[in-house]
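Novice: File name entry39.txt; file contents compact mmCIF, C-alpha atoms; full text below.
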# COMPACT_ATOMS: atom_id res chain seq x y z
CA MET A 597 -0.42 30.29 10.55
CA ASN A 598 1.67 33.21 9.32
CA ALA A 599 -0.01 36.10 7.52
CA ALA A 600 1.66 35.44 4.15
CA LEU A 601 0.45 31.83 3.91
CA ALA A 602 -3.01 32.81 5.18
CA ASP A 603 -3.28 35.44 2.42
CA ILE A 604 -2.23 32.94 -0.28
CA VAL A 605 -4.65 30.27 0.92
CA GLY A 606 -7.52 32.78 1.16
CA ARG A 607 -6.87 34.08 -2.34
CA LEU A 608 -6.71 30.58 -3.83
CA LYS A 609 -9.95 29.53 -2.17
CA THR A 610 -11.61 32.49 -3.87
CA SER A 611 -10.04 31.88 -7.29
CA GLY A 612 -10.67 28.11 -7.20
CA ALA A 613 -7.42 27.14 -8.94
CA ILE A 614 -3.80 26.55 -7.93
CA SER A 615 -1.01 27.40 -10.35
CA PRO A 616 2.63 26.22 -10.19
CA ASP A 617 3.65 29.73 -9.07
CA ASP A 618 1.12 29.53 -6.23
CA VAL A 619 2.63 26.23 -5.14
CA LEU A 620 6.12 27.71 -5.14
CA ALA A 621 4.95 30.63 -2.97
CA MET A 622 3.27 28.28 -0.47
CA ARG A 623 6.26 25.95 -0.39
CA ARG A 624 8.49 28.89 0.62
CA GLU A 625 6.21 29.67 3.56
CA VAL A 626 5.65 26.08 4.74
CA TYR A 627 9.30 25.09 4.51
CA GLY A 628 10.70 28.42 5.68
CA ALA A 629 10.80 27.11 9.26
CA PRO A 630 12.94 24.21 10.52
CA GLN A 631 9.85 22.00 10.80
CA VAL A 632 6.48 21.76 9.06
CA ALA A 633 3.73 23.08 11.32
CA GLY A 634 0.56 21.05 11.84
CA GLU A 635 -1.65 24.11 11.29
CA TYR A 636 -0.01 24.62 7.89
CA VAL A 637 -0.81 21.06 6.90
CA GLU A 638 -4.42 21.49 8.01
CA ALA A 639 -4.66 24.68 5.92
CA LEU A 640 -3.35 22.87 2.83
CA ILE A 641 -5.85 20.02 3.27
CA ALA A 642 -8.71 22.52 3.61
CA LEU A 643 -7.49 24.32 0.49
CA ASP A 644 -7.39 21.04 -1.46
CA GLY A 645 -11.10 20.51 -0.92
CA ALA A 646 -12.00 24.08 -1.82
CA VAL A 647 -10.44 24.42 -5.27
CA ALA A 648 -11.73 23.14 -8.60
CA ALA A 649 -8.37 22.72 -10.32
CA GLY A 650 -4.94 21.74 -9.07
CA SER A 651 -1.69 20.89 -10.79
CA PRO A 652 1.01 18.19 -10.64
CA GLU A 653 3.07 20.62 -8.58
CA TRP A 654 0.22 20.91 -6.08
CA ALA A 655 -0.09 17.14 -5.68
CA SER A 656 3.64 16.85 -5.08
CA PHE A 657 3.70 19.72 -2.58
CA ILE A 658 0.77 18.62 -0.43
CA GLY A 659 2.17 15.07 -0.47
CA ASP A 660 5.57 16.31 0.70
CA ALA A 661 3.98 18.30 3.52
CA LEU A 662 1.80 15.43 4.77
CA VAL A 663 4.58 12.85 4.63
CA ASP A 664 7.14 15.13 6.27
CA TYR A 665 4.78 16.10 9.09
CA VAL A 666 2.96 12.82 9.75
CA VAL A 667 5.55 10.17 8.89
CA HIS A 668 9.04 11.61 9.33
CA GLN A 669 8.77 14.55 11.69
CA GLU A 670 6.39 13.55 14.49
CA ASP A 671 7.31 10.73 16.90
CA PRO A 672 7.42 7.82 16.42
CA GLN A 673 9.42 8.70 13.33
CA ASP A 674 8.68 6.66 10.17
CA TYR A 675 5.65 5.00 11.82
CA VAL A 676 2.03 6.16 11.82
CA ASP A 677 0.59 5.26 15.21
CA ASP A 678 -3.05 5.48 16.32
CA ALA A 679 -2.70 9.10 17.47
CA LYS A 680 -1.25 10.23 14.15
CA ALA A 681 -3.88 8.30 12.21
CA THR A 682 -6.70 9.83 14.25
CA TRP A 683 -5.39 13.34 13.64
CA LEU A 684 -4.91 12.70 9.92
CA MET A 685 -8.37 11.19 9.43
CA GLY A 686 -9.94 14.13 11.25
CA ALA A 687 -8.05 16.64 9.12
CA CYS A 688 -9.03 14.83 5.91
CA ALA A 689 -12.67 14.18 6.75
CA GLY A 690 -14.00 16.58 4.12
CA THR A 691 -13.92 16.55 0.32
CA LEU A 692 -10.50 15.74 -1.17
CA ARG A 693 -9.10 15.88 -4.69
CA ARG A 694 -7.92 12.70 -6.41
CA ASP A 695 -4.95 14.65 -7.79
CA GLY A 696 -4.21 16.32 -4.47
CA ALA A 697 -4.85 15.22 -0.92
CA ILE A 698 -5.89 11.67 -1.82
CA GLN A 699 -2.56 11.14 -3.56
CA ALA A 700 -0.91 12.62 -0.48
CA LEU A 701 -2.69 10.09 1.74
CA VAL A 702 -1.51 7.27 -0.49
CA ARG A 703 2.05 8.55 -0.12
CA VAL A 704 1.66 8.42 3.67
CA ILE A 705 0.66 4.75 3.45
CA GLU A 706 3.52 4.06 1.01
CA GLU A 707 6.26 5.75 3.00
CA ALA A 708 5.30 4.73 6.53
CA VAL A 709 6.99 1.60 7.82
CA ALA A 710 3.66 0.66 9.38
CA ALA A 711 0.24 2.28 9.77
CA PRO A 712 -2.97 1.27 11.58
CA PRO A 713 -5.57 -0.67 9.57
CA SER A 714 -8.04 2.11 10.37
CA LEU A 715 -6.00 4.57 8.31
CA GLU A 716 -5.76 2.28 5.30
CA SER A 717 -9.53 1.68 5.48
CA PHE A 718 -10.05 5.44 5.57
CA VAL A 719 -7.83 6.03 2.53
CA LEU A 720 -9.48 3.17 0.64
CA GLY A 721 -12.87 4.75 1.27
CA LYS A 722 -11.71 8.19 0.15
CA ALA A 723 -10.18 6.82 -3.05
CA LYS A 724 -13.22 4.69 -3.87
CA ALA A 725 -15.65 7.56 -3.35
CA ALA A 726 -13.59 9.92 -5.50
CA VAL A 727 -13.22 7.46 -8.38
CA ILE A 728 -16.91 6.54 -8.40
CA ALA A 729 -17.93 10.20 -8.22
CA ALA A 730 -15.87 10.87 -11.36
CA GLY A 731 -18.10 8.48 -13.35
CA GLN A 732 -15.37 6.36 -14.91
CA VAL A 733 -11.96 4.90 -14.09
CA SER A 734 -9.23 6.93 -15.77
CA ALA A 735 -5.62 5.94 -16.38
CA ALA A 736 -4.63 8.23 -13.49
CA ASP A 737 -7.15 6.44 -11.26
CA VAL A 738 -5.67 3.05 -12.16
CA ALA A 739 -2.21 4.33 -11.28
CA LEU A 740 -3.47 5.73 -7.97
CA LEU A 741 -5.34 2.54 -7.04
CA ARG A 742 -2.34 0.40 -7.99
CA ARG A 743 -0.14 2.44 -5.65
CA LEU A 744 -2.69 2.20 -2.85
CA VAL A 745 -3.38 -1.52 -3.16
CA PHE A 746 0.31 -2.37 -3.34
CA ALA A 747 1.39 0.20 -0.75
CA GLY A 748 3.72 -0.76 2.07
CA GLY A 749 2.37 0.40 5.38
CA GLY A 750 -1.00 -1.24 5.74
CA GLU A 751 -2.57 -4.56 6.67
CA ASP A 752 0.72 -6.12 7.86
CA ASN A 753 1.96 -6.44 4.27
CA VAL A 754 0.05 -9.64 3.59
CA GLY A 755 -0.62 -9.04 -0.08
CA VAL A 756 -3.89 -7.62 -1.40
CA SER A 757 -6.36 -7.76 1.46
CA ARG A 758 -10.03 -8.73 1.30
CA GLU A 759 -10.95 -5.15 2.10
CA GLU A 760 -8.89 -3.88 -0.83
CA ALA A 761 -10.42 -6.47 -3.15
CA ASP A 762 -13.91 -5.46 -2.00
CA MET A 763 -13.05 -1.84 -2.75
CA LEU A 764 -12.08 -2.76 -6.31
CA PHE A 765 -15.28 -4.77 -6.74
CA ASP A 766 -17.33 -1.81 -5.45
CA ILE A 767 -15.74 0.42 -8.08
CA ASP A 768 -16.33 -2.12 -10.83
CA ASP A 769 -19.93 -2.67 -9.71
CA ALA A 770 -20.52 1.07 -10.03
CA LEU A 771 -18.47 1.75 -13.18
CA GLY A 772 -17.99 -1.60 -14.91
CA LYS A 773 -20.08 -0.50 -17.89
CA ALA A 774 -18.58 2.98 -18.12
CA GLY A 775 -15.90 4.02 -20.59
CA ASN A 776 -13.05 3.04 -18.30
CA ASP A 777 -9.39 3.18 -19.21
CA GLU A 778 -8.16 0.00 -20.90
CA ALA A 779 -5.75 -0.68 -18.00
CA TRP A 780 -8.58 -1.09 -15.49
CA PRO A 781 -9.71 -4.69 -16.31
CA ASP A 782 -6.17 -6.09 -16.21
CA PHE A 783 -5.30 -4.30 -12.98
CA PHE A 784 -8.58 -5.38 -11.38
CA ALA A 785 -7.99 -9.03 -12.33
CA LEU A 786 -4.38 -8.96 -11.11
CA ALA A 787 -5.20 -7.42 -7.74
CA VAL A 788 -8.27 -9.54 -6.94
CA ALA A 789 -6.51 -12.74 -8.00
CA ASP A 790 -3.59 -11.71 -5.79
CA SER A 791 -5.97 -11.45 -2.83
CA LEU A 792 -7.00 -15.07 -3.43
CA VAL A 793 -3.83 -16.94 -4.39
CA GLU A 794 -0.78 -14.96 -3.30
CA VAL A 795 0.99 -14.32 -0.03
CA SER A 796 3.76 -11.81 0.56
CA PRO A 797 7.01 -13.11 2.10
CA PHE A 798 7.70 -9.70 3.59
CA HIS A 799 6.51 -8.58 7.00
CA VAL A 800 6.89 -5.17 8.57
CA GLU A 801 8.91 -4.90 11.75
CA SER A 802 6.97 -3.26 14.56
CA ARG A 803 8.22 -0.03 16.11
CA GLN A 804 8.97 -1.96 19.32
CA ASP A 805 11.02 -4.55 17.45
CA ALA A 806 12.89 -1.84 15.58
CA ALA A 807 13.74 -0.08 18.85
CA ARG A 808 14.95 -3.37 20.32
CA ASP A 809 17.20 -4.00 17.31
CA GLU A 810 18.61 -0.49 17.51
CA ALA A 811 19.40 -0.99 21.21
CA TRP A 812 21.07 -4.33 20.45
CA LEU A 813 23.25 -2.77 17.75
CA ALA A 814 24.23 0.05 20.09
CA SER A 815 25.26 -2.42 22.78
CA ARG A 816 27.45 -4.61 20.56
CA PRO A 817 31.06 -4.80 21.83
CA GLY A 818 33.85 -3.26 19.78
CA LEU A 819 37.11 -4.87 18.74
CA PHE A 820 38.85 -3.76 21.94
CA ASP A 821 36.15 -5.41 24.08
CA PHE A 822 36.50 -8.62 22.07
CA PHE A 823 40.22 -8.96 22.79
CA LYS A 824 39.78 -7.84 26.41
CA HIS A 825 37.39 -10.70 27.14
CA MET A 826 39.12 -13.39 25.09
CA PRO A 827 41.28 -14.77 27.98
CA HIS A 828 38.27 -15.07 30.23
CA ALA A 829 35.65 -16.69 28.02
CA LEU A 830 37.18 -18.19 24.92
CA ASP A 831 34.70 -20.30 22.97
CA VAL A 832 37.07 -22.48 20.93
CA LYS A 833 34.32 -24.34 19.10
CA GLY A 834 32.57 -21.10 18.30
CA VAL A 835 35.75 -19.49 17.02
CA LEU A 836 36.55 -22.47 14.79
CA ARG A 837 33.00 -22.52 13.45
CA ASP A 838 33.16 -18.81 12.64
CA VAL A 839 36.53 -19.26 10.90
CA PHE A 840 35.67 -22.26 8.74
CA ASN A 841 31.94 -21.67 8.26
CA PRO A 842 31.35 -17.98 8.92
CA TYR A 843 27.87 -17.80 7.39
CA ALA A 844 26.37 -20.95 8.88
CA ASP A 845 23.89 -19.11 11.09
CA GLU A 846 22.74 -16.85 8.26
CA ARG A 847 22.28 -19.79 5.88
CA ALA A 848 20.21 -21.64 8.45
CA GLU A 849 18.07 -18.57 9.03
CA TRP A 850 17.43 -18.06 5.31
CA ARG A 851 16.79 -21.78 4.78
CA ASP A 852 14.13 -21.78 7.50
CA ALA A 853 12.58 -18.57 6.18
CA GLY A 854 12.54 -19.97 2.62
CA ALA A 855 10.85 -23.17 3.73
CA GLN A 856 8.22 -21.16 5.61
CA MET A 857 7.65 -18.94 2.58
CA ASP A 858 7.14 -21.99 0.35
CA ALA A 859 4.68 -23.45 2.83
CA ASP A 860 2.75 -20.18 3.11
CA GLY A 861 2.67 -19.87 -0.69
CA ALA A 862 1.27 -23.38 -1.10
CA VAL A 863 -1.52 -22.64 1.38
CA ALA A 864 -2.34 -19.28 -0.21
CA ALA A 865 -2.46 -20.71 -3.74
CA ALA A 866 -5.47 -22.85 -2.86
CA VAL A 867 -8.80 -21.03 -3.20
CA THR A 868 -10.90 -22.22 -0.26
CA ASP A 869 -14.65 -22.71 -0.11
CA ASP A 870 -14.99 -19.52 1.96
CA GLU A 871 -13.01 -17.55 -0.64
CA ALA A 872 -15.06 -19.11 -3.43
CA LYS A 873 -18.34 -18.11 -1.75
CA TRP A 874 -17.08 -14.55 -1.39
CA LEU A 875 -15.94 -14.45 -5.03
CA LEU A 876 -19.20 -15.84 -6.38
CA GLY A 877 -21.15 -13.36 -4.32
CA ARG A 878 -19.11 -10.48 -5.66
CA LEU A 879 -19.38 -11.71 -9.25
CA GLY A 880 -23.14 -12.10 -8.97
CA ASN A 881 -23.31 -15.93 -8.92
CA GLY A 882 -23.30 -16.44 -12.66
CA GLY A 883 -24.74 -13.12 -13.79
CA ALA A 884 -23.35 -11.09 -16.66
CA LEU A 885 -19.71 -10.25 -16.02
CA SER A 886 -18.10 -6.90 -16.64
CA LEU A 887 -14.95 -6.85 -18.74
CA ALA A 888 -12.90 -6.66 -15.54
CA GLY A 889 -14.80 -9.62 -14.07
CA ALA A 890 -14.21 -11.67 -17.22
CA LYS A 891 -10.48 -10.88 -17.02
CA LEU A 892 -10.45 -12.08 -13.43
CA VAL A 893 -12.09 -15.40 -14.36
CA ALA A 894 -9.55 -15.91 -17.15
CA ARG A 895 -6.69 -15.24 -14.75
CA LEU A 896 -8.02 -17.69 -12.18
CA LYS A 897 -8.34 -20.37 -14.86
CA ALA A 898 -4.61 -19.99 -15.47
CA GLU A 899 -3.66 -20.39 -11.82
CA GLU A 900 -2.06 -23.70 -10.86
CA GLY A 901 -3.29 -23.78 -7.27
CA GLN A 902 -6.16 -25.96 -6.12
CA MET A 903 -9.55 -24.33 -6.62
CA SER A 904 -12.66 -24.91 -4.54
CA ALA A 905 -15.17 -27.17 -6.28
CA LEU A 906 -17.70 -24.36 -5.83
CA LEU A 907 -15.88 -22.50 -8.63
CA LYS A 908 -16.25 -25.30 -11.16
CA PRO A 909 -19.36 -23.83 -12.85
CA LEU A 910 -17.68 -20.44 -13.07
CA LEU A 911 -14.31 -21.63 -14.34
CA GLY A 912 -15.67 -24.42 -16.51
CA GLY A 913 -14.53 -28.05 -16.46
CA ASP A 914 -11.49 -28.68 -14.31
CA PRO A 915 -11.15 -25.59 -12.07
CA ALA A 916 -7.36 -25.85 -12.25
CA ALA A 917 -7.21 -26.09 -16.05
CA ALA A 918 -5.39 -23.28 -17.81
CA SER A 919 -7.33 -20.93 -20.05
CA ALA A 920 -6.55 -20.55 -23.72
CA GLU A 921 -5.56 -16.95 -23.14
CA PRO A 922 -2.09 -16.69 -21.56
CA VAL A 923 -2.13 -14.71 -18.32
CA ALA A 924 0.98 -13.46 -16.57
CA ALA A 925 1.57 -14.78 -13.06
CA SER A 926 0.27 -12.63 -10.23
CA GLY A 927 2.78 -10.49 -8.39
CA PHE A 928 3.21 -10.36 -4.65
CA GLY A 929 1.29 -7.69 -2.82
CA HIS A 930 2.67 -5.31 -0.22
CA ARG A 931 6.36 -4.47 -0.06
CA LYS A 932 6.86 -5.36 -3.69
CA ALA A 933 7.01 -2.58 -6.21
CA ALA A 934 3.62 -2.00 -7.78
CA PRO A 935 3.25 -4.13 -10.94
CA VAL A 936 3.49 -2.24 -14.20
CA GLY A 937 0.58 -2.73 -16.56
CA GLY A 938 -1.57 -5.87 -16.22
Since I need it in another form, could you write the structure as C-alpha cells?

Specialist:
Amino acid sequence: MNAALADIVGRLKTSGAISPDDVLAMRREVYGAPQVAGEYVEALIALDGAVAAGSPEWASFIGDALVDYVVHQEDPQDYVDDAKATWLMGACAGTLRRDGAIQALVRVIEEAVAAPPSLESFVLGKAKAAVIAAGQVSAADVALLRRLVFAGGGEDNVGVSREEADMLFDIDDALGKAGNDEAWPDFFALAVADSLVEVSPFHVESRQDAARDEAWLASRPGLFDFFKHMPHALDVKGVLRDVFNPYADERAEWRDAGAQMDADGAVAAAVTDDEAKWLLGRLGNGGALSLAGAKLVARLKAEEGQMSALLKPLLGGDPAAASAEPVAASGFGHRKAAPVGG
C-alpha cells in the first residue's frame, strides 16, 4: 500500500470518523492506478470496522472498490467463483458497518452474474448480526435487507430462499417487539410469503455456458460465407421457412419456456406439508404473533394457491379463503427489481 493511503487510513482509525473529504482523498489514491489493488481493498475493509461513524460517500466508495476488484476486475470477470468468495469472506471476517462494508457486500451479490451460496450465506449472517446488534430494524435496515433478499447473484435466482426467510424470522424473533420502522412488517410478510408461494422465471447462466455462447457468436459465418456456401448446401425448405415465418423458432422457444414457467408457478403456489411445518415452527405453533408475523398470516390468507391442511388452524376456516384486508400480490424474487414498499 502506498504511503499516502497508509497515512490516511492510520489517521482515520485514530479519529474514528470518515468525512466526505477523507473519502475523496482515499478515492484518489485507490483509483490513481489502472487497477484497484487487493491490499487497498483489504485496508478499506479493516478501516470500516475500526471507525464509529461513516458517511454516504464512504458507503459508496467502499462498495465501488469491492465491486470493481472482486466482480469486474479479477477473472472470471462478472462472476464470483469459490476462490474470490473465500478471499472476500476472509477479508470481511471482522466487525463491519451496516452503512459501509455490509452494503458493499450486498452490492457484490447484486452485481455479480453468479456467486457461490457460501458467500450469500456469509452476507446474510453479517447483515442479520448487524441489524440485531442495533436493537431495532430501521428504515435503512429494511432497504438493505430488501436489496439483499432480492439480489441477483445468489441461490440460483430461485426467489426468496428458505435460508433468507429464516434470516428474516431470526431478526423478527429478536426484535419483533422493538420499535421497528413501519416498513418492516410489510417487507417481512412479502419476502417470507414469496419464499413459500413464488418461483422466479429467471435463471442465471453459468460462466461455462456464457463462454460457450460467446464462442458460438464468434464462430458465426458472415454474409460472404453464407453466399460462398449457398451452391454447395442449399436448404430450400429452410430458406422458405425463414422467409415466410422468420420467427418460428423463437416463438416455439418462448412458448415452451412460458408453459414451463406456468407449470413451475402452479407447483410453487401450493404450500406443502413440509413448508407448513417449517412455517408453524417459526411462528411458534399458535403463540402470540409479532406484528410482522400477523402481516404474514394475512398475506397467506389472500393467496390463491392450495394451502396445506396443517395451516387451517392458523389461517382460520378455508386455508385458501381471502382475508378481509386486501394484500398486494407477492413479487418474484431474484432477478426482479426489489419491490418498493410492502

Novice: Which value, in Å to one decimal, gives the distance between atom CA of A:Leu764 and atom CA of A:Phe746?

Specialist: 12.7 Å

Novice: Please list as a ChimeraX atom specification every residue within 9 Å of A:Lys722, counting all atoms listed in the file and excluding residues in the same chain fewer than 4 positions away.

Specialist: /A:689,691-692,694,698,717-718,726-727

Novice: Check the smallest atom-to-atom distance from each of A:Ala730, A:Val738, A:Leu879, A:Ala681 to A:Pro713 using all atoms listed in the file, then report the winner.

Specialist: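 Under the stated criterion, the closest residue is A:Ala681.
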
Novice: So what do you get for atom CA of A:Phe784 versus atom CA of A:Ile728, distance-wise?

Specialist: 14.8 Å

Novice: Quick one: everything within 9 Å of A:Ala888, counting only C-alpha atoms, minus sequence neighbours fewer than 5 positions away in the same chain. Send it as a PDB file with C-alpha atoms, in the coordinates of the input.

Specialist:
ATOM      1  CA  ASP A 768     -16.330  -2.120 -10.830  1.00  0.00           C
ATOM      2  CA  GLY A 772     -17.990  -1.600 -14.910  1.00  0.00           C
ATOM      3  CA  TRP A 780      -8.580  -1.090 -15.490  1.00  0.00           C
ATOM      4  CA  PRO A 781      -9.710  -4.690 -16.310  1.00  0.00           C
ATOM      5  CA  ASP A 782      -6.170  -6.090 -16.210  1.00  0.00           C
ATOM      6  CA  PHE A 783      -5.300  -4.300 -12.980  1.00  0.00           C
ATOM      7  CA  PHE A 784      -8.580  -5.380 -11.380  1.00  0.00           C
ATOM      8  CA  ALA A 785      -7.990  -9.030 -12.330  1.00  0.00           C
ATOM      9  CA  VAL A 893     -12.090 -15.400 -14.360  1.00  0.00           C
TER      10      VAL A 893
END

Novice: Report, in Å to a single decimal, how far apart atom CA of A:Ala655 and atom CA of A:Met763 are.

Specialist: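 The value is 23.2 Å.
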
Novice: Give the answer as one residue: which of A:Val867, A:Leu608, A:Ala613, A:Ala661 has the shortest atom-to-atom distance to A:Glu638, using all atoms listed in the file?

Specialist: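 Selected residue with least distance to A:Glu638: A:Ala661.
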
Novice: Between A:Leu887, A:Leu720, A:Leu896, A:Leu701, which is the closest to A:Asp777 once you count all atoms listed in the file?

Specialist: A:Leu887
